>>> print(open('upload_17.txt').read())   # compact mmCIF, C-alpha atoms and all ligand atoms
# COMPACT_ATOMS: atom_id res chain seq x y z
CA MET A 14 84.49 84.59 103.55
CA ARG A 15 81.70 86.16 105.53
CA ARG A 16 78.76 84.53 103.77
CA PRO A 17 79.40 80.82 104.47
CA CYS A 18 80.83 81.53 107.93
CA CYS A 19 78.03 79.94 109.99
CA VAL A 20 77.96 76.90 107.73
CA LEU A 21 81.73 76.45 108.15
CA VAL A 22 81.60 76.77 111.92
CA LEU A 23 78.77 74.21 112.05
CA MET A 24 80.62 71.82 109.77
CA SER A 25 83.84 72.05 111.77
CA MET A 26 81.88 71.38 114.98
CA ILE A 27 80.34 68.29 113.45
CA CYS A 28 83.76 67.10 112.19
CA THR A 29 85.36 67.66 115.59
CA ALA A 30 82.59 65.74 117.28
CA ALA A 31 82.96 62.80 114.90
CA ALA A 32 86.70 62.09 115.11
CA ALA A 33 89.24 64.88 114.91
CA GLN A 34 92.16 63.63 112.86
CA GLU A 35 95.29 63.84 114.99
CA THR A 36 98.84 64.08 113.64
CA TYR A 37 102.19 64.16 115.41
CA VAL A 38 104.82 66.12 113.51
CA HIS A 39 108.36 65.20 114.60
CA ALA A 40 110.50 68.28 113.92
CA GLY A 41 114.32 68.00 114.00
CA ARG A 42 114.59 71.74 114.47
CA LEU A 43 111.63 74.04 115.07
CA LEU A 44 111.27 77.82 114.76
CA ALA A 45 107.82 77.97 116.35
CA ASP A 46 107.86 81.67 117.17
CA PRO A 47 109.89 83.75 114.71
CA ALA A 48 109.42 86.82 116.95
CA SER A 49 111.74 85.26 119.55
CA GLY A 50 114.01 83.68 116.95
CA ARG A 51 114.49 80.67 119.24
CA VAL A 52 115.15 77.38 117.48
CA ASP A 53 114.31 74.23 119.46
CA ALA A 54 115.74 70.81 118.67
CA ARG A 55 113.63 67.63 118.70
CA ARG A 56 110.04 68.73 119.13
CA THR A 57 106.66 67.10 118.50
CA VAL A 58 103.95 69.38 117.14
CA VAL A 59 100.58 67.87 117.99
CA VAL A 60 97.95 68.75 115.39
CA ARG A 61 94.23 68.07 115.83
CA ALA A 62 91.93 68.80 112.88
CA ASP A 63 93.11 72.19 111.59
CA ARG A 64 94.83 73.38 114.80
CA VAL A 65 98.08 73.06 116.70
CA VAL A 66 97.08 71.80 120.14
CA GLU A 67 100.44 71.26 121.80
CA ILE A 68 104.19 71.42 121.22
CA ARG A 69 106.03 68.76 123.23
CA GLU A 70 109.72 68.13 123.91
CA GLY A 71 111.34 65.18 122.18
CA PHE A 72 109.94 62.89 119.50
CA VAL A 73 106.83 61.69 121.30
CA GLU A 74 105.55 58.27 120.28
CA ALA A 75 102.12 58.50 118.72
CA PRO A 76 99.20 56.52 120.20
CA ALA A 77 97.43 54.04 117.93
CA GLY A 78 95.42 55.71 115.19
CA VAL A 79 97.46 58.92 115.24
CA ALA A 80 99.40 59.75 112.08
CA VAL A 81 103.09 60.61 112.30
CA VAL A 82 105.00 62.95 110.01
CA ASP A 83 108.74 62.35 110.13
CA LEU A 84 110.58 65.68 109.79
CA ARG A 85 113.37 64.64 112.17
CA GLU A 86 116.00 65.62 109.59
CA SER A 87 114.29 68.91 108.70
CA PHE A 88 113.92 72.51 109.81
CA VAL A 89 110.25 73.30 110.50
CA LEU A 90 108.71 76.76 110.60
CA PRO A 91 105.27 78.39 110.37
CA GLY A 92 103.72 78.64 106.89
CA LEU A 93 104.88 81.74 105.03
CA ILE A 94 102.65 84.75 104.32
CA ASP A 95 102.78 86.81 101.13
CA SER A 96 101.00 90.13 101.69
CA HIS A 97 100.74 91.02 98.00
CA VAL A 98 99.80 88.60 95.21
CA HIS A 99 97.39 88.46 92.26
CA LEU A 100 96.49 84.77 92.03
CA CYS A 101 94.15 84.98 89.02
CA HIS A 102 96.76 86.00 86.45
CA GLU A 103 100.43 86.29 85.52
CA ASN A 104 101.70 89.31 83.61
CA GLY A 105 103.07 88.72 80.13
CA PRO A 106 102.99 89.71 76.48
CA ASP A 107 99.29 88.82 76.11
CA ASP A 108 98.00 91.04 78.94
CA ARG A 109 96.13 93.41 76.64
CA MET A 110 94.40 90.55 74.81
CA HIS A 111 93.45 88.73 78.03
CA ARG A 112 91.80 91.86 79.35
CA VAL A 113 89.35 91.85 76.45
CA VAL A 114 88.88 88.09 76.03
CA ASN A 115 88.83 86.57 79.53
CA THR A 116 85.66 86.07 81.56
CA SER A 117 85.49 85.87 85.35
CA ALA A 118 85.43 82.09 84.97
CA ASP A 119 88.68 82.16 82.97
CA TRP A 120 90.38 84.22 85.68
CA ALA A 121 89.08 81.85 88.36
CA ILE A 122 90.36 78.75 86.56
CA GLN A 123 93.81 80.32 86.28
CA GLY A 124 93.54 81.18 89.95
CA VAL A 125 93.03 77.53 90.88
CA GLN A 126 96.33 76.64 89.22
CA PHE A 127 98.31 79.58 90.65
CA ALA A 128 96.88 79.12 94.16
CA ALA A 129 98.07 75.51 94.18
CA ARG A 130 101.51 76.58 92.98
CA THR A 131 101.74 79.23 95.71
CA LEU A 132 100.79 76.73 98.41
CA GLN A 133 103.35 74.19 97.12
CA ALA A 134 106.02 76.89 97.52
CA GLY A 135 105.26 77.10 101.26
CA PHE A 136 102.99 80.15 101.28
CA THR A 137 99.97 79.17 103.35
CA THR A 138 98.39 82.65 103.61
CA VAL A 139 98.22 85.46 101.07
CA ALA A 140 96.59 88.84 100.62
CA ASN A 141 95.26 89.06 97.06
CA LEU A 142 95.44 92.74 96.15
CA GLY A 143 93.60 93.00 92.89
CA ASP A 144 91.77 90.55 90.65
CA ASP A 145 88.29 90.22 89.16
CA ASN A 146 85.74 90.28 92.01
CA ASP A 147 83.79 87.13 91.11
CA ALA A 148 86.93 85.11 90.28
CA ILE A 149 88.93 85.84 93.41
CA PHE A 150 86.02 85.70 95.86
CA ALA A 151 85.01 82.28 94.50
CA LEU A 152 88.62 81.09 94.70
CA ARG A 153 88.93 82.33 98.29
CA ASP A 154 85.69 80.66 99.36
CA GLY A 155 86.50 77.39 97.58
CA ILE A 156 89.83 77.14 99.35
CA ALA A 157 88.29 78.06 102.71
CA ALA A 158 85.69 75.32 102.27
CA GLY A 159 88.43 72.78 101.48
CA THR A 160 87.11 72.14 97.96
CA ILE A 161 90.40 73.06 96.25
CA PRO A 162 93.97 73.38 97.55
CA GLY A 163 95.48 76.80 98.08
CA PRO A 164 96.61 79.32 100.65
CA ARG A 165 94.18 81.10 102.96
CA ILE A 166 93.22 84.23 101.02
CA LEU A 167 92.41 87.72 102.22
CA ALA A 168 90.92 89.25 99.06
CA ALA A 169 90.55 92.83 97.89
CA GLY A 170 88.76 92.01 94.63
CA ASN A 171 88.80 94.92 92.20
CA VAL A 172 91.41 97.61 92.79
CA LEU A 173 89.86 101.04 93.30
CA GLY A 174 91.33 103.90 91.31
CA PRO A 175 90.47 107.30 89.88
CA HIS A 176 88.61 107.56 86.56
CA GLY A 177 91.13 107.69 83.73
CA GLY A 178 93.99 107.03 86.12
CA GLU A 179 95.95 104.03 87.21
CA GLY A 180 93.86 100.87 87.39
CA ASP A 181 91.53 102.11 84.66
CA ILE A 182 91.83 100.85 81.06
CA HIS A 183 93.94 102.71 78.51
CA GLY A 184 94.83 102.54 74.85
CA TYR A 185 91.63 100.91 73.54
CA ARG A 186 88.70 102.32 71.60
CA TRP A 187 86.30 104.10 73.98
CA ASP A 188 83.47 101.60 73.44
CA VAL A 189 85.90 98.77 74.24
CA ILE A 190 87.03 100.56 77.41
CA GLU A 191 83.43 100.92 78.53
CA ALA A 192 82.83 97.24 77.85
CA VAL A 193 85.85 95.76 79.66
CA ARG A 194 86.68 98.13 82.54
CA ARG A 195 85.85 96.79 85.98
CA PRO A 196 83.41 98.84 88.08
CA ALA A 197 86.19 100.18 90.27
CA GLN A 198 86.72 103.85 89.41
CA CYS A 199 85.51 106.85 91.34
CA SER A 200 85.78 110.64 91.17
CA GLY A 201 85.17 112.86 94.16
CA ALA A 202 84.81 111.98 97.84
CA ASP A 203 81.12 110.99 97.73
CA ASP A 204 81.59 108.76 94.73
CA CYS A 205 84.60 107.09 96.38
CA ARG A 206 82.62 106.46 99.58
CA ARG A 207 79.91 104.78 97.50
CA LEU A 208 82.47 102.63 95.67
CA VAL A 209 84.14 101.45 98.90
CA ARG A 210 80.79 100.46 100.41
CA GLU A 211 79.83 98.61 97.25
CA GLN A 212 83.17 96.80 97.07
CA ILE A 213 82.76 95.56 100.66
CA GLN A 214 79.19 94.52 99.90
CA ARG A 215 80.52 92.47 96.97
CA GLY A 216 82.86 90.59 99.33
CA ALA A 217 86.12 92.47 99.84
CA ASP A 218 88.08 91.61 103.00
CA ILE A 219 90.46 94.51 102.46
CA ILE A 220 90.35 97.59 100.23
CA LYS A 221 93.15 98.09 97.72
CA ILE A 222 93.54 101.45 96.02
CA VAL A 223 96.02 102.94 93.60
CA ALA A 224 97.34 106.17 95.02
CA THR A 225 99.90 106.78 92.26
CA GLY A 226 100.77 105.68 88.73
CA ALA A 227 102.13 102.19 88.13
CA VAL A 228 104.84 100.56 86.08
CA LEU A 229 102.78 98.10 84.06
CA SER A 230 100.00 100.41 82.90
CA ASP A 231 100.09 101.76 79.37
CA MET A 232 99.92 105.41 80.27
CA ALA A 233 102.68 107.98 80.32
CA ALA A 234 101.50 109.61 83.53
CA GLY A 235 104.53 108.88 85.69
CA VAL A 236 104.27 107.41 89.16
CA GLY A 237 102.95 110.40 91.11
CA GLN A 238 99.79 111.05 93.14
CA GLN A 239 96.46 110.41 91.37
CA PHE A 240 93.72 110.38 94.04
CA THR A 241 93.15 113.73 95.75
CA ALA A 242 93.53 114.17 99.52
CA ASP A 243 89.77 114.37 100.09
CA GLU A 244 89.15 111.24 98.02
CA LEU A 245 91.80 109.36 100.01
CA LYS A 246 90.31 110.48 103.32
CA ALA A 247 86.81 109.43 102.21
CA ILE A 248 88.05 105.99 101.16
CA VAL A 249 90.01 105.31 104.35
CA ASP A 250 87.30 106.54 106.74
CA THR A 251 84.55 104.62 104.95
CA ALA A 252 86.53 101.36 104.89
CA HIS A 253 87.53 101.68 108.55
CA GLY A 254 83.91 102.37 109.47
CA LEU A 255 83.02 99.04 107.87
CA GLY A 256 85.87 97.18 109.60
CA ARG A 257 88.22 96.90 106.63
CA LYS A 258 91.86 97.90 106.28
CA VAL A 259 93.00 99.91 103.27
CA THR A 260 96.27 99.45 101.45
CA ALA A 261 97.64 101.65 98.68
CA HIS A 262 99.73 100.93 95.66
CA ALA A 263 102.12 103.90 95.76
CA HIS A 264 105.46 104.67 94.13
CA GLY A 265 105.88 108.47 94.18
CA ALA A 266 106.50 110.24 97.51
CA ASP A 267 103.60 112.68 97.02
CA GLY A 268 101.09 109.83 96.70
CA ILE A 269 102.67 107.81 99.52
CA ASN A 270 102.53 110.77 101.87
CA ALA A 271 98.99 111.79 100.91
CA ALA A 272 97.76 108.22 101.53
CA LEU A 273 99.53 108.08 104.90
CA ALA A 274 98.17 111.49 105.89
CA ALA A 275 94.68 110.13 105.15
CA GLY A 276 95.31 107.31 107.66
CA ILE A 277 95.97 104.42 105.29
CA ASP A 278 97.03 101.11 106.90
CA SER A 279 99.88 100.19 104.55
CA ILE A 280 101.87 101.16 101.47
CA GLU A 281 102.66 98.69 98.68
CA HIS A 282 105.97 99.22 96.79
CA GLY A 283 106.95 102.60 98.29
CA SER A 284 109.68 103.05 95.67
CA PHE A 285 110.32 106.77 96.08
CA LEU A 286 109.53 107.15 99.76
CA ASP A 287 111.26 110.12 101.41
CA ALA A 288 112.08 111.29 104.95
CA LYS A 289 108.54 112.60 105.37
CA SER A 290 107.13 109.19 104.32
CA ILE A 291 109.25 107.44 106.93
CA GLU A 292 108.08 109.89 109.58
CA LEU A 293 104.42 109.31 108.59
CA LEU A 294 104.81 105.51 108.39
CA LYS A 295 106.23 105.42 111.91
CA ALA A 296 103.76 107.92 113.39
CA GLY A 297 100.74 106.01 112.07
CA GLY A 298 102.17 102.54 112.64
CA ALA A 299 101.53 101.74 108.97
CA TYR A 300 103.28 98.85 107.25
CA LEU A 301 105.47 98.97 104.16
CA VAL A 302 105.22 96.02 101.75
CA PRO A 303 108.29 96.37 99.52
CA THR A 304 107.64 93.88 96.62
CA LEU A 305 111.33 93.81 95.62
CA LEU A 306 110.79 90.72 93.47
CA ALA A 307 108.42 92.69 91.23
CA GLY A 308 110.95 95.52 90.94
CA GLU A 309 113.66 93.04 89.98
CA THR A 310 111.38 91.34 87.44
CA VAL A 311 110.25 94.49 85.63
CA LYS A 312 113.83 95.77 85.53
CA ARG A 313 114.82 92.55 83.77
CA TRP A 314 111.92 92.88 81.31
CA ALA A 315 112.82 96.51 80.59
CA MET A 316 116.42 95.61 79.79
CA ASP A 317 115.37 92.93 77.29
CA PRO A 318 115.54 94.62 73.87
CA ASP A 319 112.96 92.15 72.49
CA GLY A 320 110.77 92.46 75.60
CA PHE A 321 107.02 93.02 75.51
CA LEU A 322 106.81 96.18 77.64
CA SER A 323 105.37 99.29 76.02
CA PRO A 324 107.78 102.27 75.80
CA GLN A 325 105.80 103.93 78.65
CA SER A 326 106.15 100.89 80.91
CA ARG A 327 109.80 100.36 79.99
CA ALA A 328 110.73 103.89 81.06
CA LYS A 329 108.90 103.51 84.37
CA ALA A 330 110.36 100.04 85.03
CA LEU A 331 113.93 101.27 84.64
CA GLN A 332 113.18 104.15 86.97
CA VAL A 333 111.28 102.27 89.69
CA GLY A 334 112.92 98.81 89.92
CA PRO A 335 116.33 99.89 91.26
CA LYS A 336 114.78 102.41 93.67
CA MET A 337 112.86 99.76 95.61
CA VAL A 338 115.82 98.10 97.34
CA ASP A 339 117.16 101.49 98.41
CA ALA A 340 113.77 102.61 99.75
CA THR A 341 113.39 99.37 101.73
CA ARG A 342 116.88 99.74 103.19
CA ARG A 343 116.14 103.28 104.40
CA ALA A 344 112.76 102.30 105.84
CA ARG A 345 114.16 99.28 107.68
CA GLN A 346 117.02 101.28 109.16
CA ALA A 347 114.56 103.88 110.43
CA GLY A 348 112.47 101.20 112.16
CA VAL A 349 109.44 101.20 109.83
CA LYS A 350 107.27 98.06 110.16
CA ILE A 351 107.76 95.89 107.07
CA ALA A 352 105.65 92.95 105.88
CA PHE A 353 106.77 90.49 103.21
CA GLY A 354 105.06 90.86 99.82
CA THR A 355 106.07 90.03 96.27
CA ASP A 356 103.35 91.24 93.87
CA ALA A 357 103.48 87.71 92.38
CA SER A 358 101.82 87.77 88.94
CA VAL A 359 104.69 90.05 87.93
CA ALA A 360 107.18 87.32 88.91
CA PRO A 361 105.67 83.84 88.36
CA HIS A 362 103.49 82.37 91.11
CA GLY A 363 105.45 79.88 93.18
CA THR A 364 108.70 81.88 92.99
CA ASN A 365 107.59 84.08 95.92
CA ALA A 366 110.53 83.04 98.12
CA GLY A 367 112.87 84.83 95.68
CA GLU A 368 111.93 87.96 97.64
CA PHE A 369 113.98 86.81 100.66
CA GLY A 370 117.37 87.15 98.91
CA LEU A 371 116.47 90.66 97.74
CA MET A 372 115.47 91.59 101.31
CA LEU A 373 118.94 90.57 102.46
CA GLN A 374 120.35 92.97 99.83
CA ALA A 375 118.22 95.66 101.51
CA GLY A 376 119.88 94.95 104.87
CA PHE A 377 117.62 92.32 106.44
CA THR A 378 119.09 89.44 108.44
CA PRO A 379 117.67 86.03 107.50
CA LEU A 380 115.64 86.02 110.75
CA GLY A 381 114.37 89.55 110.03
CA ALA A 382 113.20 88.49 106.58
CA ILE A 383 111.45 85.41 108.02
CA GLN A 384 109.77 87.59 110.65
CA ALA A 385 108.49 89.87 107.86
CA ALA A 386 106.90 86.81 106.19
CA THR A 387 105.40 85.37 109.38
CA VAL A 388 104.69 87.38 112.56
CA ASN A 389 104.86 90.81 110.91
CA ALA A 390 102.71 89.89 107.90
CA ALA A 391 100.18 88.26 110.26
CA ASP A 392 100.01 91.48 112.30
CA HIS A 393 99.77 93.59 109.14
CA LEU A 394 96.82 91.53 107.86
CA GLY A 395 95.07 91.35 111.24
CA LEU A 396 95.60 87.57 111.47
CA SER A 397 97.95 87.33 114.46
CA GLY A 398 95.54 85.12 116.37
CA GLU A 399 95.58 82.56 113.54
CA VAL A 400 98.89 82.45 111.69
CA GLY A 401 102.51 83.65 111.74
CA SER A 402 103.67 81.43 114.60
CA LEU A 403 103.03 77.92 115.89
CA ALA A 404 101.37 77.69 119.30
CA PRO A 405 98.39 75.93 120.84
CA GLY A 406 95.19 77.24 119.26
CA LYS A 407 96.85 78.57 116.11
CA ALA A 408 96.23 77.21 112.62
CA ALA A 409 98.28 74.11 111.79
CA ASP A 410 100.09 75.84 108.92
CA LEU A 411 103.67 74.60 108.82
CA ILE A 412 106.41 73.99 106.30
CA ALA A 413 109.81 72.29 106.28
CA VAL A 414 113.15 72.67 104.51
CA HIS A 415 116.23 70.44 104.70
CA GLY A 416 118.85 73.05 105.66
CA ASP A 417 118.86 75.96 108.09
CA PRO A 418 117.22 79.07 106.54
CA LEU A 419 118.81 81.23 109.25
CA GLN A 420 122.19 80.31 107.72
CA ASP A 421 121.09 80.23 104.07
CA ILE A 422 117.84 82.03 103.28
CA ALA A 423 117.72 80.35 99.84
CA GLU A 424 116.61 77.19 101.69
CA LEU A 425 113.12 78.72 101.63
CA GLN A 426 113.11 78.27 97.85
CA ARG A 427 113.41 74.51 98.45
CA VAL A 428 110.39 73.79 100.65
CA HIS A 429 109.73 70.03 100.74
CA PHE A 430 106.82 69.81 103.17
CA VAL A 431 103.63 71.87 103.40
CA MET A 432 100.75 71.47 105.83
CA ARG A 433 97.88 73.94 105.80
CA ALA A 434 95.05 73.82 108.30
CA GLY A 435 96.19 70.35 109.36
CA ARG A 436 96.13 68.92 105.86
CA ILE A 437 99.35 67.78 104.17
CA HIS A 438 99.74 69.27 100.67
CA ARG A 439 103.36 68.42 100.02
CA ASN A 440 105.72 65.82 101.48
CA ASP A 441 108.75 64.88 99.38
ZN ZN B 1 100.09 94.29 92.69
>>> encode(input="upload_17.txt", output="C-alpha cells", more="lines below")
Ligand SMILES: [Zn+2]
Amino acid sequence: MRRPCCVLVLMSMICTAAAAQETYVHAGRLLADPASGRVDARRTVVVRADRVVEIREGFVEAPAGVAVVDLRESFVLPGLIDSHVHLCHENGPDDRMHRVVNTSADWAIQGVQFAARTLQAGFTTVANLGDDNDAIFALRDGIAAGTIPGPRILAAGNVLGPHGGEGDIHGYRWDVIEAVRRPAQCSGADDCRRLVREQIQRGADIIKIVATGAVLSDMAAGVGQQFTADELKAIVDTAHGLGRKVTAHAHGADGINAALAAGIDSIEHGSFLDAKSIELLKAGGAYLVPTLLAGETVKRWAMDPDGFLSPQSRAKALQVGPKMVDATRRARQAGVKIAFGTDASVAPHGTNAGEFGLMLQAGFTPLGAIQAATVNAADHLGLSGEVGSLAPGKAADLIAVHGDPLQDIAELQRVHFVMRAGRIHRND
C-alpha cells in the first residue's frame, strides 16, 4: 500500500480535476453513525468520486448529469469491516496438498475470487491476518488501484511464529518442510526483531503472530503459550517503532496474558481468556476479536465422523469451539473493547455475516454487534478517519438491506447493495 501511494494520490487528483463522478444515494432509513445508534428516515447521501461529501435531509432531486441510486425502500449503513480473514485460501480436506503444490500466483488467483465474494457480502474493509506475502500484497495493491473488485485490505502477509511451533509446517519429511515453509519463524528476541523488520520491509501493514497453539495445525501441542515473554516484547516494540500494530492469535490464557503483558494491540480468538486477561485487556485498551464463526465451524467439522480433521485437530476443535462464545460473553460484560472478526477461510468467504447471530448468543444487542463491525473495527485497525461511519470526508463505503437489522440481525446476511469507494459493486 505504501509503494504506489504517490502515484495513487496523483491519479486521484487528476481524476478529481477532470470530472468527479457524483452520485445521490436516496436512503429510506440511514444508520450513518453506528456509535450514536440514531436511524434517520429519508436521507440523501451525496457521493463525489470515492468520498461522502454531504448527507442531506429528504430525497434531494439530483442535478443533470448526477447519478441517482434508489434505496428509498432500504436500510442503509456503512460498509462492514471484518478484522480477521484469510482471503487467499479456504480450509478444507486438501490443505496439506495445497501447501506443497500451490505457488504464490495460485494463492493470489484464489484471493481474487474470495475478495470479490467478501465484497458482495457487504464487507468493504478487511484485515487479512495471514497469507503468502507476495499473493496478499499483490491482491491488496490491485484492489487499492481499482484493477480488481474487493474490500480495502490491511495485510499482515506471513504469520510470524516460533520455529517448530504454531504457524510452522508439521508432519512432512524434513526436506519438504524446508522447501515449503514460509520465511516467518524466529527464535530468540534478536531473531524476532530481525523478522519483524523484514516482514514490514516486504510490505506488511500489520504484524500477526501466533502466541499459542492453534486448532487447525497438525501438532499435538495444545493451545498454550509458544513464544517466550522476551520474544513477545521484542516483536511488539520493534513493530511499534516502525508504526505497525501487532495482533496475536491466542487461545490459552497463558499466551493471551503474556502477549498482553508485552503490550500487544489485540487478541484474536481469546478462547480461554481468564480474569487476568480481562484486566490486562482493559488496562492496555487492547481489542478482542472473537471469531465465533470459526469456532462454530471447526466444532461442526470435529463432530462429523467422516470429517477431514486430523485426530490432533479434532480434539482441539471440540475443546476450543464451545469456549469462544463464553469467553466473548465474559469479556463484553466486563467492558472489554471488541472488534468484529470471523477468521473467514475456516468458514467460507462471503458467509462472514454469520458471525452476527453468534455475537447475539454471546450477549450483544444487534446495535452492539453492528458497532463491533463498523466504528469499533475501524478504531481497532486505525482507520477511524476513513471508514466505520458515513460522514463528509469519509470513504463512500455503504451497503443496504431490505429489512431493519436492528430488529433482525440476520438481515445483514441478505445485503442487496454494495458501494465501495464510490463505486457500485452490487445492486439487486
Ligand atoms: Zn486466522
>>> residues_around(input="upload_17.txt", residues="Ala118 (chain A)", least_positions_apart="2", cutoff="10 Å", atoms="only C-alpha atoms", output="list of chain:residue names")
A:Asn115, A:Thr116, A:Trp120, A:Ala121, A:Ile122, A:Gln123, A:Gly124, A:Asp145, A:Asp147, A:Ala148, A:Ile149, A:Ala151
>>> residues_near_ligand(input="upload_17.txt", ligand="ligand ZN 1 (chain B)", cutoff="7 Å", atoms="all atoms listed in the file", output="list of chain:residue names")
A:His97, A:Val98, A:His99, A:Leu142, A:Gly143, A:Asp356
>>> closest_residue(input="upload_17.txt", among="A:Ile156, A:Ala375, A:Gly370, A:Ala197", to="Ile422 (chain A)", atoms="all atoms listed in the file")
A:Gly370
>>> closest_residue(input="upload_17.txt", among="A:Leu322, A:Gly398, A:Ala347, A:Leu419", to="Pro106 (chain A)", atoms="only C-alpha atoms")
A:Leu322
>>> closest_residue(input="upload_17.txt", among="A:Asn389, A:Asp63, A:Phe136, A:Gly256", to="Ala157 (chain A)", atoms="only C-alpha atoms")
A:Asp63
>>> atom_distance(input="upload_17.txt", atom1="CA of Glu191 (chain A)", atom2="CA of Ser358 (chain A)")
24.9 Å
>>> residues_around(input="upload_17.txt", residues="region 239-241 of chain A", least_positions_apart="6", cutoff="12 Å", atoms="all atoms listed in the file", output="CSV table (one decimal) with C-alpha atoms, in the frame of the given file")
chain,number,residue,atom,x,y,z
A,173,LEU,CA,89.9,101.0,93.3
A,174,GLY,CA,91.3,103.9,91.3
A,175,PRO,CA,90.5,107.3,89.9
A,176,HIS,CA,88.6,107.6,86.6
A,177,GLY,CA,91.1,107.7,83.7
A,178,GLY,CA,94.0,107.0,86.1
A,179,GLU,CA,96.0,104.0,87.2
A,180,GLY,CA,93.9,100.9,87.4
A,181,ASP,CA,91.5,102.1,84.7
A,198,GLN,CA,86.7,103.8,89.4
A,199,CYS,CA,85.5,106.8,91.3
A,200,SER,CA,85.8,110.6,91.2
A,201,GLY,CA,85.2,112.9,94.2
A,202,ALA,CA,84.8,112.0,97.8
A,205,CYS,CA,84.6,107.1,96.4
A,222,ILE,CA,93.5,101.4,96.0
A,223,VAL,CA,96.0,102.9,93.6
A,224,ALA,CA,97.3,106.2,95.0
A,225,THR,CA,99.9,106.8,92.3
A,226,GLY,CA,100.8,105.7,88.7
A,227,ALA,CA,102.1,102.2,88.1
A,247,ALA,CA,86.8,109.4,102.2
A,248,ILE,CA,88.0,106.0,101.2
A,261,ALA,CA,97.6,101.6,98.7
A,262,HIS,CA,99.7,100.9,95.7
A,263,ALA,CA,102.1,103.9,95.8
A,264,HIS,CA,105.5,104.7,94.1
A,265,GLY,CA,105.9,108.5,94.2
A,266,ALA,CA,106.5,110.2,97.5
A,267,ASP,CA,103.6,112.7,97.0
A,268,GLY,CA,101.1,109.8,96.7
A,269,ILE,CA,102.7,107.8,99.5
A,270,ASN,CA,102.5,110.8,101.9
A,271,ALA,CA,99.0,111.8,100.9
A,272,ALA,CA,97.8,108.2,101.5
A,274,ALA,CA,98.2,111.5,105.9
A,275,ALA,CA,94.7,110.1,105.2
>>> residues_around(input="upload_17.txt", residues="Arg69 (chain A)", least_positions_apart="3", cutoff="9 Å", atoms="all atoms listed in the file", output="PyMOL selection string")
chain A and resi 55-59+72-73
>>> axis_aligned_box(input="upload_17.txt", around="region 44-56 of chain A", padding_each_side="5 Å", output="JSON")
{"center_x": 111.8, "center_y": 77.2, "center_z": 117.1, "size_x": 17.9, "size_y": 29.2, "size_z": 14.8}
>>> residues_around(input="upload_17.txt", residues="Ser402 (chain A)", least_positions_apart="5", cutoff="7 Å", atoms="all atoms listed in the file", output="PyMOL selection string")
chain A and resi 45-47+91+387-388
